[in-house]
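Have a look at model.cif below; it lists mmCIF, C-alpha atoms.
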data_run
#
loop_
_atom_site.group_PDB
_atom_site.id
_atom_site.type_symbol
_atom_site.label_atom_id
_atom_site.label_comp_id
_atom_site.auth_asym_id
_atom_site.auth_seq_id
_atom_site.Cartn_x
_atom_site.Cartn_y
_atom_site.Cartn_z
ATOM 1 C CA ASP A 1 2.937 12.539 -22.265
ATOM 2 C CA GLY A 2 5.056 13.000 -25.373
ATOM 3 C CA PRO A 3 5.645 10.964 -28.533
ATOM 4 C CA ASN A 4 6.279 7.743 -26.608
ATOM 5 C CA ALA A 5 3.105 7.928 -24.524
ATOM 6 C CA LYS A 6 0.791 4.947 -24.901
ATOM 7 C CA SER A 7 -2.795 4.474 -23.872
ATOM 8 C CA GLY A 8 -5.842 2.438 -24.721
ATOM 9 C CA PRO A 9 -6.562 -1.277 -24.387
ATOM 10 C CA ASN A 10 -3.935 -3.268 -22.457
ATOM 11 C CA TYR A 11 -2.216 -0.152 -21.071
ATOM 12 C CA GLN A 12 -2.599 1.014 -17.485
ATOM 13 C CA SER A 13 -1.099 3.950 -15.619
ATOM 14 C CA PHE A 14 -0.003 3.905 -11.995
ATOM 15 C CA VAL A 15 0.874 6.758 -9.647
ATOM 16 C CA PHE A 16 2.522 6.134 -6.289
ATOM 17 C CA PHE A 17 2.219 8.596 -3.400
ATOM 18 C CA GLY A 18 5.048 8.147 -0.923
ATOM 19 C CA ALA A 19 3.508 10.161 1.921
ATOM 20 C CA ASN A 20 3.664 8.533 5.340
ATOM 21 C CA PHE A 21 0.506 10.123 6.798
ATOM 22 C CA ASP A 22 2.156 9.709 10.195
ATOM 23 C CA ASP A 23 2.980 13.264 11.315
ATOM 24 C CA THR A 24 6.693 12.743 10.674
ATOM 25 C CA TYR A 25 7.081 15.133 7.774
ATOM 26 C CA THR A 26 4.553 16.996 5.642
ATOM 27 C CA ALA A 27 1.607 15.888 7.773
ATOM 28 C CA SER A 28 3.042 17.724 10.763
ATOM 29 C CA PRO A 29 1.025 20.911 11.473
ATOM 30 C CA GLU A 30 4.150 22.473 12.993
ATOM 31 C CA LYS A 31 5.916 22.248 9.632
ATOM 32 C CA THR A 32 3.057 22.996 7.257
ATOM 33 C CA GLY A 33 0.668 25.186 9.205
ATOM 34 C CA GLN A 34 -2.235 22.838 8.502
ATOM 35 C CA ASP A 35 -3.565 19.529 9.755
ATOM 36 C CA ASN A 36 -3.201 16.419 7.574
ATOM 37 C CA ALA A 37 -1.323 18.214 4.799
ATOM 38 C CA ASP A 38 -0.333 14.905 3.171
ATOM 39 C CA ALA A 39 -3.957 14.035 2.425
ATOM 40 C CA SER A 40 -4.731 17.542 1.183
ATOM 41 C CA LEU A 41 -1.746 17.410 -1.152
ATOM 42 C CA ALA A 42 -2.732 13.952 -2.397
ATOM 43 C CA VAL A 43 -6.291 15.072 -3.161
ATOM 44 C CA GLY A 44 -4.970 18.084 -5.052
ATOM 45 C CA LEU A 45 -2.672 15.912 -7.147
ATOM 46 C CA LEU A 46 -5.368 13.328 -7.781
ATOM 47 C CA THR A 47 -7.757 16.066 -8.914
ATOM 48 C CA ASP A 48 -5.269 17.122 -11.598
ATOM 49 C CA ILE A 49 -4.251 13.583 -12.555
ATOM 50 C CA THR A 50 -7.805 12.344 -13.091
ATOM 51 C CA LYS A 51 -9.062 15.486 -14.822
ATOM 52 C CA PRO A 52 -7.884 14.949 -18.447
ATOM 53 C CA LYS A 53 -9.927 11.858 -19.296
ATOM 54 C CA VAL A 54 -13.166 10.139 -18.441
ATOM 55 C CA ARG A 55 -12.172 7.081 -16.439
ATOM 56 C CA SER A 56 -15.560 5.744 -15.380
ATOM 57 C CA GLY A 57 -15.035 2.351 -13.774
ATOM 58 C CA ASN A 58 -11.365 2.251 -14.738
ATOM 59 C CA THR A 59 -9.692 4.184 -11.946
ATOM 60 C CA ALA A 60 -8.889 2.864 -8.492
ATOM 61 C CA LEU A 61 -7.053 4.172 -5.470
ATOM 62 C CA GLY A 62 -4.925 1.559 -3.712
ATOM 63 C CA LEU A 63 -4.479 1.760 0.046
ATOM 64 C CA ALA A 64 -1.246 0.256 1.331
ATOM 65 C CA PHE A 65 -2.272 0.739 4.972
ATOM 66 C CA SER A 66 -5.326 -1.527 4.695
ATOM 67 C CA PRO A 67 -5.077 -5.328 4.946
ATOM 68 C CA GLN A 68 -6.797 -7.026 2.023
ATOM 69 C CA SER A 69 -9.540 -8.300 4.321
ATOM 70 C CA GLY A 70 -10.630 -4.672 4.637
ATOM 71 C CA GLN A 71 -11.957 -4.711 1.064
ATOM 72 C CA GLY A 72 -15.510 -5.337 2.275
ATOM 73 C CA ALA A 73 -15.461 -2.241 4.491
ATOM 74 C CA LEU A 74 -14.195 -0.140 1.575
ATOM 75 C CA ASP A 75 -16.866 -1.494 -0.772
ATOM 76 C CA ASP A 76 -19.601 -0.849 1.804
ATOM 77 C CA TYR A 77 -18.405 2.735 2.213
ATOM 78 C CA LEU A 78 -18.518 3.383 -1.522
ATOM 79 C CA LYS A 79 -22.059 1.979 -1.730
ATOM 80 C CA SER A 80 -23.390 3.880 1.289
ATOM 81 C CA ASN A 81 -25.890 6.648 0.593
ATOM 82 C CA GLY A 82 -26.984 7.732 4.054
ATOM 83 C CA SER A 83 -25.198 9.898 6.587
ATOM 84 C CA GLU A 84 -21.603 10.491 5.526
ATOM 85 C CA ASP A 85 -20.487 10.805 9.139
ATOM 86 C CA GLU A 86 -21.966 7.403 9.950
ATOM 87 C CA ALA A 87 -20.495 5.873 6.787
ATOM 88 C CA GLU A 88 -17.036 7.168 7.681
ATOM 89 C CA ARG A 89 -17.289 5.944 11.262
ATOM 90 C CA ALA A 90 -18.335 2.508 10.033
ATOM 91 C CA LEU A 91 -15.461 2.488 7.542
ATOM 92 C CA VAL A 92 -12.821 3.397 10.119
ATOM 93 C CA GLU A 93 -14.195 0.798 12.549
ATOM 94 C CA GLY A 94 -14.297 -1.823 9.804
ATOM 95 C CA LEU A 95 -10.690 -1.179 8.815
ATOM 96 C CA LYS A 96 -9.581 -1.125 12.449
ATOM 97 C CA ALA A 97 -11.292 -4.494 12.989
ATOM 98 C CA VAL A 98 -9.084 -6.159 10.361
ATOM 99 C CA GLY A 99 -5.871 -4.650 11.722
ATOM 100 C CA ALA A 100 -5.518 -1.314 9.937
ATOM 101 C CA ASP A 101 -4.137 1.563 11.987
ATOM 102 C CA GLU A 102 -7.081 3.688 13.141
ATOM 103 C CA GLY A 103 -5.093 6.918 12.933
ATOM 104 C CA LEU A 104 -4.012 6.208 9.371
ATOM 105 C CA ALA A 105 -7.575 5.395 8.393
ATOM 106 C CA GLN A 106 -8.725 8.713 9.849
ATOM 107 C CA ARG A 107 -6.014 10.661 8.038
ATOM 108 C CA HIS A 108 -6.922 9.015 4.731
ATOM 109 C CA LEU A 109 -10.565 10.129 4.934
ATOM 110 C CA PRO A 110 -10.119 13.143 2.591
ATOM 111 C CA ILE A 111 -8.763 10.768 -0.067
ATOM 112 C CA LEU A 112 -11.546 8.250 0.519
ATOM 113 C CA ARG A 113 -14.152 11.003 0.221
ATOM 114 C CA PHE A 114 -12.568 12.080 -3.052
ATOM 115 C CA ALA A 115 -12.727 8.525 -4.402
ATOM 116 C CA LYS A 116 -16.364 8.161 -3.425
ATOM 117 C CA LYS A 117 -17.296 11.483 -5.027
ATOM 118 C CA LYS A 118 -15.518 10.496 -8.249
ATOM 119 C CA ARG A 119 -16.912 6.936 -8.125
ATOM 120 C CA PHE A 120 -13.435 5.428 -8.134
ATOM 121 C CA ALA A 121 -12.767 1.968 -6.747
ATOM 122 C CA LEU A 122 -10.835 1.569 -3.498
ATOM 123 C CA LEU A 123 -8.380 -1.324 -3.192
ATOM 124 C CA ALA A 124 -7.122 -2.842 0.053
ATOM 125 C CA LEU A 125 -3.543 -3.847 -0.759
ATOM 126 C CA ALA A 126 -1.639 -4.938 2.342
ATOM 127 C CA PRO A 127 -1.062 -8.481 3.610
ATOM 128 C CA GLU A 128 -2.931 -9.615 6.716
ATOM 129 C CA LEU A 129 -1.247 -8.716 10.001
ATOM 130 C CA SER A 130 -1.061 -12.359 11.080
ATOM 131 C CA ASP A 131 0.835 -13.209 7.896
ATOM 132 C CA LEU A 132 3.233 -10.307 8.390
ATOM 133 C CA GLU A 133 3.904 -11.446 11.955
ATOM 134 C CA THR A 134 4.608 -14.972 10.722
ATOM 135 C CA VAL A 135 7.129 -13.688 8.186
ATOM 136 C CA GLN A 136 8.716 -11.296 10.678
ATOM 137 C CA LYS A 137 9.475 -14.252 12.949
ATOM 138 C CA GLY A 138 10.464 -16.922 10.434
ATOM 139 C CA GLY A 139 10.902 -15.472 6.962
ATOM 140 C CA LEU A 140 8.847 -16.087 3.818
ATOM 141 C CA GLN A 141 9.408 -19.843 4.017
ATOM 142 C CA SER A 142 7.406 -19.921 7.261
ATOM 143 C CA LEU A 143 4.268 -18.636 5.540
ATOM 144 C CA ASP A 144 1.745 -21.192 4.322
ATOM 145 C CA SER A 145 2.307 -21.811 0.601
ATOM 146 C CA GLU A 146 -1.293 -21.004 -0.310
ATOM 147 C CA ARG A 147 -1.125 -17.705 1.540
ATOM 148 C CA ARG A 148 2.216 -16.912 -0.083
ATOM 149 C CA ASP A 149 0.816 -17.609 -3.545
ATOM 150 C CA THR A 150 -2.049 -15.225 -2.830
ATOM 151 C CA TYR A 151 0.399 -12.389 -2.334
ATOM 152 C CA VAL A 152 3.065 -13.278 -4.902
ATOM 153 C CA ALA A 153 1.490 -13.889 -8.306
ATOM 154 C CA ASP A 154 4.748 -14.488 -10.189
ATOM 155 C CA ALA A 155 6.923 -16.456 -7.782
ATOM 156 C CA GLN A 156 9.589 -17.381 -10.362
ATOM 157 C CA GLY A 157 9.840 -13.817 -11.604
ATOM 158 C CA PHE A 158 10.145 -12.609 -8.040
ATOM 159 C CA ILE A 159 12.959 -15.062 -7.291
ATOM 160 C CA ALA A 160 14.805 -14.040 -10.458
ATOM 161 C CA LEU A 161 14.438 -10.372 -9.558
ATOM 162 C CA THR A 162 16.006 -10.810 -6.132
ATOM 163 C CA GLN A 163 19.100 -12.378 -7.724
ATOM 164 C CA GLU A 164 19.899 -9.316 -9.814
ATOM 165 C CA PRO A 165 22.802 -7.114 -8.605
ATOM 166 C CA LYS A 166 20.707 -3.963 -8.983
ATOM 167 C CA PHE A 167 18.065 -5.417 -6.699
ATOM 168 C CA LYS A 168 20.693 -6.106 -4.034
ATOM 169 C CA LEU A 169 21.733 -2.457 -4.223
ATOM 170 C CA TYR A 170 18.099 -1.409 -3.852
ATOM 171 C CA ALA A 171 17.660 -3.749 -0.888
ATOM 172 C CA ASP A 172 20.785 -2.498 0.870
ATOM 173 C CA LYS A 173 20.146 1.205 0.278
ATOM 174 C CA SER A 174 16.364 1.324 0.549
ATOM 175 C CA LEU A 175 14.596 -1.728 1.968
ATOM 176 C CA LEU A 176 17.019 -2.380 4.818
ATOM 177 C CA LYS A 177 17.757 1.195 5.843
ATOM 178 C CA ASP A 178 14.934 1.167 8.408
ATOM 179 C CA TYR A 179 15.965 -2.089 10.044
ATOM 180 C CA LYS A 180 16.737 -1.670 13.733
ATOM 181 C CA PRO A 181 18.049 -4.769 15.557
ATOM 182 C CA SER A 182 16.597 -5.616 18.931
ATOM 183 C CA PRO A 183 18.936 -5.377 21.960
ATOM 184 C CA SER A 184 19.515 -9.142 21.841
ATOM 185 C CA GLU A 185 20.230 -9.089 18.106
ATOM 186 C CA ALA A 186 22.604 -6.142 18.403
ATOM 187 C CA THR A 187 25.102 -8.214 20.411
ATOM 188 C CA ASP A 188 24.865 -11.348 18.278
ATOM 189 C CA GLU A 189 26.038 -11.214 14.662
ATOM 190 C CA ALA A 190 24.112 -14.357 13.647
ATOM 191 C CA ALA A 191 20.932 -13.049 15.277
ATOM 192 C CA THR A 192 21.396 -9.698 13.566
ATOM 193 C CA LYS A 193 21.661 -11.351 10.145
ATOM 194 C CA ALA A 194 18.588 -13.510 10.828
ATOM 195 C CA GLY A 195 16.595 -10.514 12.016
ATOM 196 C CA GLN A 196 17.679 -8.499 9.000
ATOM 197 C CA ALA A 197 16.650 -11.317 6.668
ATOM 198 C CA ASN A 198 13.201 -11.561 8.260
ATOM 199 C CA PHE A 199 12.755 -7.788 8.109
ATOM 200 C CA PHE A 200 13.666 -7.902 4.403
ATOM 201 C CA ALA A 201 11.188 -10.736 3.846
ATOM 202 C CA GLU A 202 8.404 -8.780 5.556
ATOM 203 C CA ARG A 203 9.076 -5.670 3.440
ATOM 204 C CA ILE A 204 9.183 -7.715 0.254
ATOM 205 C CA LEU A 205 5.914 -9.443 1.136
ATOM 206 C CA VAL A 206 4.224 -6.046 1.547
ATOM 207 C CA HIS A 207 5.537 -4.817 -1.807
ATOM 208 C CA GLU A 208 4.610 -7.990 -3.660
ATOM 209 C CA ALA A 209 1.141 -8.163 -2.091
ATOM 210 C CA CYS A 210 0.410 -4.584 -3.131
ATOM 211 C CA ALA A 211 1.744 -5.143 -6.655
ATOM 212 C CA THR A 212 -0.216 -8.374 -7.087
ATOM 213 C CA ALA A 213 -3.490 -6.816 -5.926
ATOM 214 C CA ILE A 214 -3.034 -3.859 -8.271
ATOM 215 C CA SER A 215 -2.112 -6.123 -11.172
ATOM 216 C CA LYS A 216 -5.155 -8.334 -10.659
ATOM 217 C CA TRP A 217 -7.463 -5.334 -10.647
ATOM 218 C CA ALA A 218 -5.833 -3.699 -13.666
ATOM 219 C CA THR A 219 -5.726 -6.834 -15.828
ATOM 220 C CA SER A 220 -9.389 -7.492 -15.134
ATOM 221 C CA ARG A 221 -10.092 -4.238 -16.976
ATOM 222 C CA PRO A 222 -8.148 -4.444 -20.270
#
Turn this file's structure into structure tokens for me.
Amino acid sequence: DGPNAKSGPNYQSFVFFGANFDDTYTASPEKTGQDNADASLAVGLLTDITKPKVRSGNTALGLAFSPQSGQGALDDYLKSNGSEDEAERALVEGLKAVGADEGLAQRHLPILRFAKKKRFALLALAPELSDLETVQKGGLQSLDSERRDTYVADAQGFIALTQEPKFKLYADKSLLKDYKPSPSEATDEAATKAGQANFFAERILVHEACATAISKWATSRP
């Protein structure tokens, strides 16, 4: 909003929800007094965010917990017109089959119902589990180049970004804060550095895959 706000052709808006949906903070009934508070909060925010304008066909909800191969299950759910209970069971099973966490899929159901009611698209954003495991063990260079290009649309821009001092600060303070060395790595400095590098590569792959999938969807709707 405000005098610098821009909208119309070639402009897209993005909103990121940082909830974990894992019972570690707001989703915990002991702390909030309600089950799945993260999803309830997200639906409330989305209701307000999508209210001002008619966004028929031009609004999507991206799901960072779902591997991109789960897109078919999401599309089938949106097209279903029979029993909602059966459609939701099929959706959760479909996402589980491609590697999504079943519990996360269940806790996202209020958001998925909201999207279906509003006729919003659902986007599966995450890399495939097999690709994440490959990167976790050997870094980005160990991933097949075609698979890597699928996830990272602007490879040169990505490389340039990682060389910036501000990005290093972000990596040190944010991306790497959750890294926990294995017992064998903890006693070996070289192993610790290698493990840290692979953890960084895995996190970056997730971020780039999500950004690329969102960008592709948004630019296909100028």
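For the residues A:Leu122, A:Ala209, A:Tyr179, A:Phe199, ranking by smallest atom-to-atom distance to Arg148 of chain A using only C-alpha atoms places A:Ala209 first.
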Checklist entry - Between atom CA of Gly138 of chain A and atom CA of Phe200 of chain A, what is the distance, to one decimal in Å? => result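 Calculated distance between atom CA of Gly138 of chain A and atom CA of Phe200 of chain A is 11.3 Å.
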Item to check | Nearest-residue call for Glu88 of chain A, choices A:Pro183, A:Pro110, A:Pro165, A:Gly72, using only C-alpha atoms | outcome: A:Pro110
Next on the checklist: As an exercise, work out the distance from atom CA of Phe120 of chain A to atom CA of Asn58 of chain A in Å and give it to one decimal place.
Outcome noted: 7.6 Å
Checklist entry - Which residue gives the smallest distance to Asn81 of chain A among A:Lys116, A:Asp149, A:Ile204, A:Gln136, with only C-alpha atoms counted? => result A:Lys116
Checklist entry - Which of these residues is nearest to Ala60 of chain A, using all atoms listed in the file: A:Thr192, A:Ser215, A:Ser83, A:Thr162? => result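 Comparing A:Thr192, A:Ser215, A:Ser83, A:Thr162 against Ala60 of chain A, the winner is A:Ser215.
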Item to check | Nearby residues (all atoms listed in the file) at most 10 Å from Pro67 of chain A, same-chain spacing under 3 positions excluded, as a count of residues only | outcome: 20
Next on the checklist: To test your reading of the syntax: which residues would the PyMOL selection byres ((chain A and resi 167-177) around 12) return for the file shown? Reply as an MDAnalysis selection string.
Outcome noted: chainID A and resid 158:166 178:181 193 195:207
Checklist entry - Which is closest to Ser40 of chain A among A:Ala190, A:Leu112, A:Val152, A:Leu61, if we use all atoms listed in the file? => result A:Leu112
Checklist entry - What is the distance between atom CA of Glu86 of chain A and atom CA of Gly103 of chain A, in Å to one decimal? => result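 That distance, rounded to one decimal, is 17.1 Å.
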Checklist entry - Nearest to Tyr151 of chain A: which of A:Leu74, A:Ile49, A:Leu132, A:Ala42 is it, counting only C-alpha atoms? => result A:Leu132
May I have the residues at most 10 Å from (-14.2, 9.7, -6.7) in the file's coordinates, counting only C-alpha atoms, as a PDB file with C-alpha atoms, in the coordinates of the input?
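Output contents, as saved in result01.pdb:
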ATOM      1  CA  LEU A  46      -5.368  13.328  -7.781  1.00  0.00           C
ATOM      2  CA  THR A  47      -7.757  16.066  -8.914  1.00  0.00           C
ATOM      3  CA  THR A  50      -7.805  12.344 -13.091  1.00  0.00           C
ATOM      4  CA  SER A  56     -15.560   5.744 -15.380  1.00  0.00           C
ATOM      5  CA  THR A  59      -9.692   4.184 -11.946  1.00  0.00           C
ATOM      6  CA  ALA A  60      -8.889   2.864  -8.492  1.00  0.00           C
ATOM      7  CA  LEU A  61      -7.053   4.172  -5.470  1.00  0.00           C
ATOM      8  CA  LEU A  78     -18.518   3.383  -1.522  1.00  0.00           C
ATOM      9  CA  ILE A 111      -8.763  10.768  -0.067  1.00  0.00           C
ATOM     10  CA  LEU A 112     -11.546   8.250   0.519  1.00  0.00           C
ATOM     11  CA  ARG A 113     -14.152  11.003   0.221  1.00  0.00           C
ATOM     12  CA  PHE A 114     -12.568  12.080  -3.052  1.00  0.00           C
ATOM     13  CA  ALA A 115     -12.727   8.525  -4.402  1.00  0.00           C
ATOM     14  CA  LYS A 116     -16.364   8.161  -3.425  1.00  0.00           C
ATOM     15  CA  LYS A 117     -17.296  11.483  -5.027  1.00  0.00           C
ATOM     16  CA  LYS A 118     -15.518  10.496  -8.249  1.00  0.00           C
ATOM     17  CA  ARG A 119     -16.912   6.936  -8.125  1.00  0.00           C
ATOM     18  CA  PHE A 120     -13.435   5.428  -8.134  1.00  0.00           C
ATOM     19  CA  ALA A 121     -12.767   1.968  -6.747  1.00  0.00           C
ATOM     20  CA  LEU A 122     -10.835   1.569  -3.498  1.00  0.00           C
TER      21      LEU A 122
END
Checklist entry - Residues at most 8 Å from Tyr77 of chain A, counting only C-alpha atoms, excluding those fewer than 6 positions away in the same chain, as a PyMOL selection string? => result chain A and resi 87-88+90-91
Please put the answer as JSON: centre and edge lengths, in Å with one decimal, of a box along x, y and z that encloses all listed atoms of segment 144-160 of chain A plus 6 Å on each side.
{"center_x": 6.4, "center_y": -17.1, "center_z": -3.6, "size_x": 28.9, "size_y": 21.4, "size_z": 27.9}
